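Asks: Hey, dropping query32.tsv in here, TSV, C-alpha atoms:
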chain	number	residue	atom	x	y	z
Z	1	MET	CA	-4.59	-69.01	49.71
Z	2	ASN	CA	-8.11	-68.33	50.99
Z	3	ILE	CA	-8.94	-64.64	51.36
Z	4	ILE	CA	-12.02	-62.78	52.62
Z	5	ALA	CA	-12.72	-59.25	51.36
Z	6	LEU	CA	-14.62	-56.86	53.66
Z	7	GLY	CA	-15.57	-53.24	53.08
Z	8	ALA	CA	-18.37	-50.69	53.04
Z	9	PRO	CA	-20.54	-50.17	49.95
Z	10	GLY	CA	-18.74	-47.90	47.50
Z	11	VAL	CA	-15.31	-48.28	49.12
Z	12	GLY	CA	-13.87	-49.89	45.97
Z	13	LYS	CA	-13.73	-53.47	47.19
Z	14	GLY	CA	-15.03	-54.83	43.88
Z	15	THR	CA	-12.38	-53.00	41.88
Z	16	TYR	CA	-9.51	-54.29	44.00
Z	17	THR	CA	-10.78	-57.85	44.33
Z	18	THR	CA	-11.02	-57.99	40.53
Z	19	MET	CA	-7.40	-56.85	40.27
Z	20	LEU	CA	-6.34	-59.44	42.86
Z	21	GLU	CA	-8.29	-62.13	41.03
Z	22	GLU	CA	-6.32	-61.41	37.86
Z	23	GLN	CA	-2.92	-61.14	39.56
Z	24	LEU	CA	-3.22	-64.06	41.97
Z	25	HIS	CA	-5.23	-66.31	39.63
Z	26	LEU	CA	-7.77	-66.97	42.38
Z	27	PRO	CA	-11.52	-67.05	41.69
Z	28	HIS	CA	-13.59	-64.20	43.11
Z	29	ILE	CA	-16.57	-65.85	44.81
Z	30	SER	CA	-19.59	-63.62	45.37
Z	31	THR	CA	-22.36	-65.20	47.40
Z	32	GLY	CA	-24.94	-63.29	45.36
Z	33	GLU	CA	-23.58	-64.73	42.12
Z	34	MET	CA	-23.35	-68.15	43.78
Z	35	PHE	CA	-27.10	-68.04	44.50
Z	36	ARG	CA	-27.90	-66.94	40.95
Z	37	GLU	CA	-25.72	-69.66	39.40
Z	38	ASN	CA	-27.35	-72.40	41.48
Z	39	MET	CA	-30.79	-71.12	40.53
Z	40	ARG	CA	-29.84	-70.94	36.83
Z	41	ASN	CA	-28.60	-74.54	37.00
Z	42	ASN	CA	-31.71	-75.67	38.90
Z	43	THR	CA	-29.66	-77.37	41.62
Z	44	PRO	CA	-31.47	-78.59	44.77
Z	45	LEU	CA	-29.66	-75.90	46.77
Z	46	GLY	CA	-30.65	-73.28	44.21
Z	47	ALA	CA	-34.30	-74.35	44.33
Z	48	ALA	CA	-34.32	-74.19	48.13
Z	49	ALA	CA	-32.68	-70.74	48.15
Z	50	LYS	CA	-35.15	-69.44	45.53
Z	51	GLN	CA	-38.11	-70.26	47.78
Z	52	TYR	CA	-36.71	-68.03	50.51
Z	53	MET	CA	-35.65	-65.24	48.15
Z	54	ASP	CA	-38.99	-65.19	46.29
Z	55	SER	CA	-40.82	-64.73	49.59
Z	56	GLY	CA	-38.49	-61.91	50.65
Z	57	GLN	CA	-36.77	-63.90	53.38
Z	58	TRP	CA	-33.06	-64.25	54.16
Z	59	VAL	CA	-31.52	-67.47	52.90
Z	60	PRO	CA	-30.62	-69.54	56.02
Z	61	ASP	CA	-26.94	-69.83	56.89
Z	62	ASP	CA	-26.87	-73.60	56.43
Z	63	LEU	CA	-28.02	-73.26	52.81
Z	64	THR	CA	-25.45	-70.55	52.08
Z	65	ILE	CA	-22.70	-72.62	53.67
Z	66	GLY	CA	-23.86	-75.64	51.66
Z	67	MET	CA	-23.59	-73.69	48.41
Z	68	LEU	CA	-20.19	-72.32	49.38
Z	69	GLN	CA	-18.94	-75.78	50.31
Z	70	GLU	CA	-19.93	-77.07	46.86
Z	71	ARG	CA	-18.39	-74.03	45.14
Z	72	ILE	CA	-14.96	-74.34	46.76
Z	73	LYS	CA	-14.76	-77.99	45.70
Z	74	GLN	CA	-14.56	-76.83	42.07
Z	75	PRO	CA	-11.20	-77.19	40.27
Z	76	ASP	CA	-10.65	-73.43	39.98
Z	77	CYS	CA	-10.50	-73.19	43.79
Z	78	ARG	CA	-7.71	-75.73	44.22
Z	79	ASN	CA	-5.21	-72.95	44.99
Z	80	GLY	CA	-7.66	-70.86	47.01
Z	81	PHE	CA	-10.30	-68.17	46.53
Z	82	ILE	CA	-11.32	-64.59	47.27
Z	83	LEU	CA	-14.64	-64.57	49.14
Z	84	ASP	CA	-16.86	-61.49	48.86
Z	85	GLY	CA	-20.22	-61.01	50.60
Z	86	PHE	CA	-19.79	-63.77	53.17
Z	87	PRO	CA	-19.53	-63.99	56.11
Z	88	ARG	CA	-21.66	-61.10	57.35
Z	89	THR	CA	-22.14	-62.28	60.94
Z	90	ILE	CA	-20.08	-64.03	63.60
Z	91	PRO	CA	-22.18	-67.24	63.43
Z	92	GLN	CA	-21.48	-67.31	59.68
Z	93	ALA	CA	-17.76	-66.80	60.35
Z	94	ASP	CA	-17.82	-69.70	62.81
Z	95	ALA	CA	-19.57	-71.91	60.25
Z	96	LEU	CA	-17.09	-70.91	57.54
Z	97	LYS	CA	-14.19	-71.90	59.79
Z	98	LYS	CA	-15.47	-75.49	59.74
Z	99	ILE	CA	-15.26	-75.84	55.95
Z	100	ALA	CA	-12.26	-73.71	54.96
Z	101	LYS	CA	-9.06	-72.35	56.50
Z	102	ILE	CA	-8.95	-68.59	56.01
Z	103	ASP	CA	-5.45	-67.19	55.49
Z	104	ALA	CA	-6.20	-63.46	55.44
Z	105	VAL	CA	-9.08	-61.00	55.78
Z	106	LEU	CA	-8.65	-57.76	53.82
Z	107	ASN	CA	-10.70	-54.92	55.29
Z	108	PHE	CA	-10.90	-52.19	52.63
Z	109	THR	CA	-11.31	-48.79	54.27
Z	110	ALA	CA	-11.80	-45.14	53.33
Z	111	PRO	CA	-13.27	-42.14	55.17
Z	112	ASP	CA	-17.05	-41.80	54.85
Z	113	LYS	CA	-16.54	-38.47	53.07
Z	114	VAL	CA	-14.54	-40.19	50.32
Z	115	ILE	CA	-17.10	-42.98	49.90
Z	116	LEU	CA	-19.95	-40.46	49.93
Z	117	ASP	CA	-18.28	-38.53	47.10
Z	118	ARG	CA	-17.65	-41.70	45.08
Z	119	LEU	CA	-21.21	-43.00	45.34
Z	120	SER	CA	-23.20	-39.77	45.19
Z	121	GLY	CA	-21.23	-38.68	42.11
Z	122	ARG	CA	-22.05	-41.83	40.16
Z	123	ARG	CA	-24.37	-41.73	37.16
Z	124	THR	CA	-25.62	-44.85	35.35
Z	125	CYS	CA	-26.86	-45.23	31.78
Z	126	ARG	CA	-30.49	-46.38	31.65
Z	127	LYS	CA	-29.86	-48.10	28.32
Z	128	CYS	CA	-26.52	-49.96	28.54
Z	129	GLY	CA	-25.65	-49.74	32.24
Z	130	ALA	CA	-22.35	-47.88	31.74
Z	131	ILE	CA	-21.19	-46.06	34.88
Z	132	TYR	CA	-19.76	-42.52	35.04
Z	133	HIS	CA	-18.77	-40.08	37.77
Z	134	ILE	CA	-19.64	-36.41	37.50
Z	135	ARG	CA	-16.06	-35.38	38.41
Z	136	ASN	CA	-13.75	-38.38	38.00
Z	137	VAL	CA	-15.18	-39.99	34.85
Z	138	PRO	CA	-17.63	-37.47	33.34
Z	139	PRO	CA	-19.42	-38.12	30.04
Z	140	LYS	CA	-18.51	-35.92	27.06
Z	141	THR	CA	-22.03	-34.47	27.16
Z	142	GLU	CA	-23.68	-33.96	30.54
Z	143	GLY	CA	-26.42	-36.51	31.17
Z	144	VAL	CA	-25.71	-38.51	28.00
Z	145	CYS	CA	-23.88	-41.84	27.72
Z	146	ASP	CA	-20.77	-41.75	25.52
Z	147	ARG	CA	-21.31	-45.37	24.42
Z	148	CYS	CA	-24.95	-45.53	23.38
Z	149	GLY	CA	-26.44	-42.07	23.84
Z	150	GLY	CA	-28.71	-43.26	26.63
Z	151	GLU	CA	-29.89	-41.09	29.51
Z	152	LEU	CA	-27.68	-41.00	32.61
Z	153	TYR	CA	-29.43	-41.08	35.97
Z	154	GLN	CA	-28.62	-41.26	39.68
Z	155	ARG	CA	-29.74	-44.46	41.40
Z	156	GLU	CA	-31.88	-43.99	44.51
Z	157	ASP	CA	-29.41	-45.88	46.70
Z	158	GLU	CA	-26.59	-43.60	45.50
Z	159	LYS	CA	-28.24	-40.34	46.55
Z	160	GLU	CA	-26.40	-38.61	49.40
Z	161	GLU	CA	-28.92	-39.20	52.20
Z	162	MET	CA	-29.37	-42.85	51.26
Z	163	VAL	CA	-25.58	-43.38	51.11
Z	164	LYS	CA	-25.27	-41.97	54.64
Z	165	ILE	CA	-27.90	-44.45	55.86
Z	166	ARG	CA	-26.17	-47.34	54.07
Z	167	LEU	CA	-22.81	-46.45	55.60
Z	168	ALA	CA	-24.27	-46.20	59.12
Z	169	GLU	CA	-25.98	-49.59	58.68
Z	170	HIS	CA	-22.78	-51.15	57.39
Z	171	GLU	CA	-20.74	-49.82	60.30
Z	172	LYS	CA	-23.22	-51.22	62.81
Z	173	LYS	CA	-23.32	-54.67	61.17
Z	174	ALA	CA	-19.64	-54.93	60.20
Z	175	ALA	CA	-18.03	-53.86	63.50
Z	176	PRO	CA	-18.52	-57.23	65.28
Z	177	LEU	CA	-17.12	-59.17	62.31
Z	178	VAL	CA	-14.11	-56.85	62.01
Z	179	GLY	CA	-13.45	-57.33	65.72
Z	180	TYR	CA	-13.84	-61.10	65.37
Z	181	TYR	CA	-11.21	-61.40	62.64
Z	182	ARG	CA	-8.91	-58.88	64.31
Z	183	GLY	CA	-9.05	-61.10	67.39
Z	184	GLU	CA	-8.20	-64.10	65.21
Z	185	GLY	CA	-5.09	-62.25	63.99
Z	186	LEU	CA	-6.30	-62.45	60.37
Z	187	LEU	CA	-7.56	-58.91	59.72
Z	188	HIS	CA	-5.51	-56.44	57.66
Z	189	ASP	CA	-6.83	-52.91	57.06
Z	190	VAL	CA	-6.25	-51.71	53.49
Z	191	ASP	CA	-6.58	-47.95	52.96
Z	192	VAL	CA	-8.19	-47.33	49.56
Z	193	SER	CA	-9.00	-43.66	50.04
Z	194	SER	CA	-6.62	-42.62	47.23
Z	195	SER	CA	-7.76	-42.40	43.63
Z	196	ILE	CA	-7.74	-45.41	41.33
Z	197	SER	CA	-4.55	-44.02	39.75
Z	198	GLU	CA	-2.79	-45.18	42.92
Z	199	SER	CA	-4.15	-48.74	42.56
Z	200	ALA	CA	-0.74	-50.26	41.75
Z	201	LYS	CA	0.58	-49.01	45.10
Z	202	VAL	CA	-2.45	-50.45	46.93
Z	203	ILE	CA	-2.07	-53.83	45.21
Z	204	ALA	CA	1.65	-53.87	46.04
Z	205	GLY	CA	0.75	-53.26	49.70
Z	206	ILE	CA	-1.77	-56.12	49.62
Z	207	ARG	CA	0.80	-58.48	48.09
Z	208	LYS	CA	3.18	-57.57	50.91
Z	209	ILE	CA	0.44	-58.32	53.49
Z	210	LEU	CA	-0.07	-61.71	51.84
Z	211	GLY	CA	3.66	-62.42	51.77
Z	212	LEU	CA	3.82	-62.49	47.96
Turn this file's structure into structure tokens for me.
Replies:
Amino acid sequence: MNIIALGAPGVGKGTYTTMLEEQLHLPHISTGEMFRENMRNNTPLGAAAKQYMDSGQWVPDDLTIGMLQERIKQPDCRNGFILDGFPRTIPQADALKKIAKIDAVLNFTAPDKVILDRLSGRRTCRKCGAIYHIRNVPPKTEGVCDRCGGELYQREDEKEEMVKIRLAEHEKKAAPLVGYYRGEGLLHDVDVSSSISESAKVIAGIRKILGL
């Protein structure tokens, strides 16, 4: 089963795709990680992508598709995959259609207010990278990491005004793709506005969508 995961930054897509990866035994393919892996392994595709990335340019669609095509030929993808971070545009979706049959597109959704609270409340440890939330997962001592004692800080892209900008940008860019897959009859909206304690219910709903 080949699945695409869509969703705004901070909606919780990563959390749920990880759960699906474990339950369905399907690899979670992130295009960002795919680029990094090819560059680490010094593949021709990785070298070509690095030239664009080092100069601050977008990696052309044909290179991304080439990497993806090689990735889904790997043995762990024989029963399918969960694709995250691609496609981002309709031309990319058209190109993807030529190399893989997509069975379902999961569009993870939550009100902007919920996402804003999730992201703007995050704090990250400068030393070990552990992530906290000032209300949902607070550290024992304010501003101090429980694990290593490092300083907790708020990332620039998680400050309230920046989150609002990111959400507006996502909405503008994602709307055509959402419409595309809805028109294809593949899109399924998945409401993830509830807390993570309700994750079992969300996963059960996704399994029902997928006919599992």
Asks: So which one's closest to Z:Tyr16, Z:Glu151, Z:Asp117, Z:Asp157, Z:Asp84? Using all atoms listed in the file, please.
Replies: Z:Asp84
Asks: Between Z:Lys140, Z:Arg147, Z:Lys201, Z:Arg155, which residue has the minimum interatomic distance to Z:Thr124, considering all atoms listed in the file?
Replies: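 Smallest separation from Z:Thr124 among the options: Z:Arg155.
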Asks: For Z:Ala130, work out the shell of residues within 12 Å, counting only C-alpha atoms and skipping chain neighbours fewer than 5 positions away, then give it as JSON, numbers by chain.
Replies: {"Z": [122, 123, 124, 125, 137, 138, 139, 144, 145, 146, 147, 148, 149, 150, 151, 152, 153]}
Asks: If you take every atom of stretch 54-68 of chain Z that the file lists and fit an axis-aligned box around them with 6 Å extra on each side, what centre and edge lengths come out in Å to one decimal, as JSON?
Replies:
{"center_x": -30.5, "center_y": -68.8, "center_z": 51.6, "size_x": 32.6, "size_y": 25.7, "size_z": 22.6}
Asks: With distances taken over only C-alpha atoms, which of Z:Ile115, Z:Ala8, Z:Ile206, Z:Met162 is nearest to Z:Ala174?
Replies: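 The shortest atom-to-atom distance to Z:Ala174 comes from Z:Ala8.
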Asks: How many Å separate atom CA of Z:Asp189 from atom CA of Z:Phe108?
Replies: 6.1 Å
Asks: Rounded to one decimal in Å, what is the spacing between atom CA of Z:Ser120 and atom CA of Z:Gly10?
Replies: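 Atom-to-atom, atom CA of Z:Ser120 to atom CA of Z:Gly10, that is 9.6 Å.
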Asks: Work out how far apart atom CA of Z:Leu186 and atom CA of Z:Val105 are and give it in Å to one decimal.
Replies: 5.6 Å
Asks: Restricting the calculation to all atoms listed in the file, which member of Z:Met1, Z:Asp94, Z:Lys208, Z:Lys13 is positioned closest to Z:Ala110?
Replies: Z:Lys13
Asks: So that I can check the surroundings of Z:Gly46, please list as a PyMOL selection string every protein, DNA and RNA residue that reaches within 10 Å of it, counting only C-alpha atoms and ignoring chain neighbours fewer than 6 positions away.
Replies: chain Z and resi 34-40+63-64+67
Asks: Let's have the selection written as a PDB file, in the frame of the given file, with C-alpha atoms.
Replies:
ATOM      1  CA  MET Z  34     -23.350 -68.150  43.780  1.00  0.00           C
ATOM      2  CA  PHE Z  35     -27.100 -68.040  44.500  1.00  0.00           C
ATOM      3  CA  ARG Z  36     -27.900 -66.940  40.950  1.00  0.00           C
ATOM      4  CA  GLU Z  37     -25.720 -69.660  39.400  1.00  0.00           C
ATOM      5  CA  ASN Z  38     -27.350 -72.400  41.480  1.00  0.00           C
ATOM      6  CA  MET Z  39     -30.790 -71.120  40.530  1.00  0.00           C
ATOM      7  CA  ARG Z  40     -29.840 -70.940  36.830  1.00  0.00           C
ATOM      8  CA  LEU Z  63     -28.020 -73.260  52.810  1.00  0.00           C
ATOM      9  CA  THR Z  64     -25.450 -70.550  52.080  1.00  0.00           C
ATOM     10  CA  MET Z  67     -23.590 -73.690  48.410  1.00  0.00           C
TER      11      MET Z  67
END
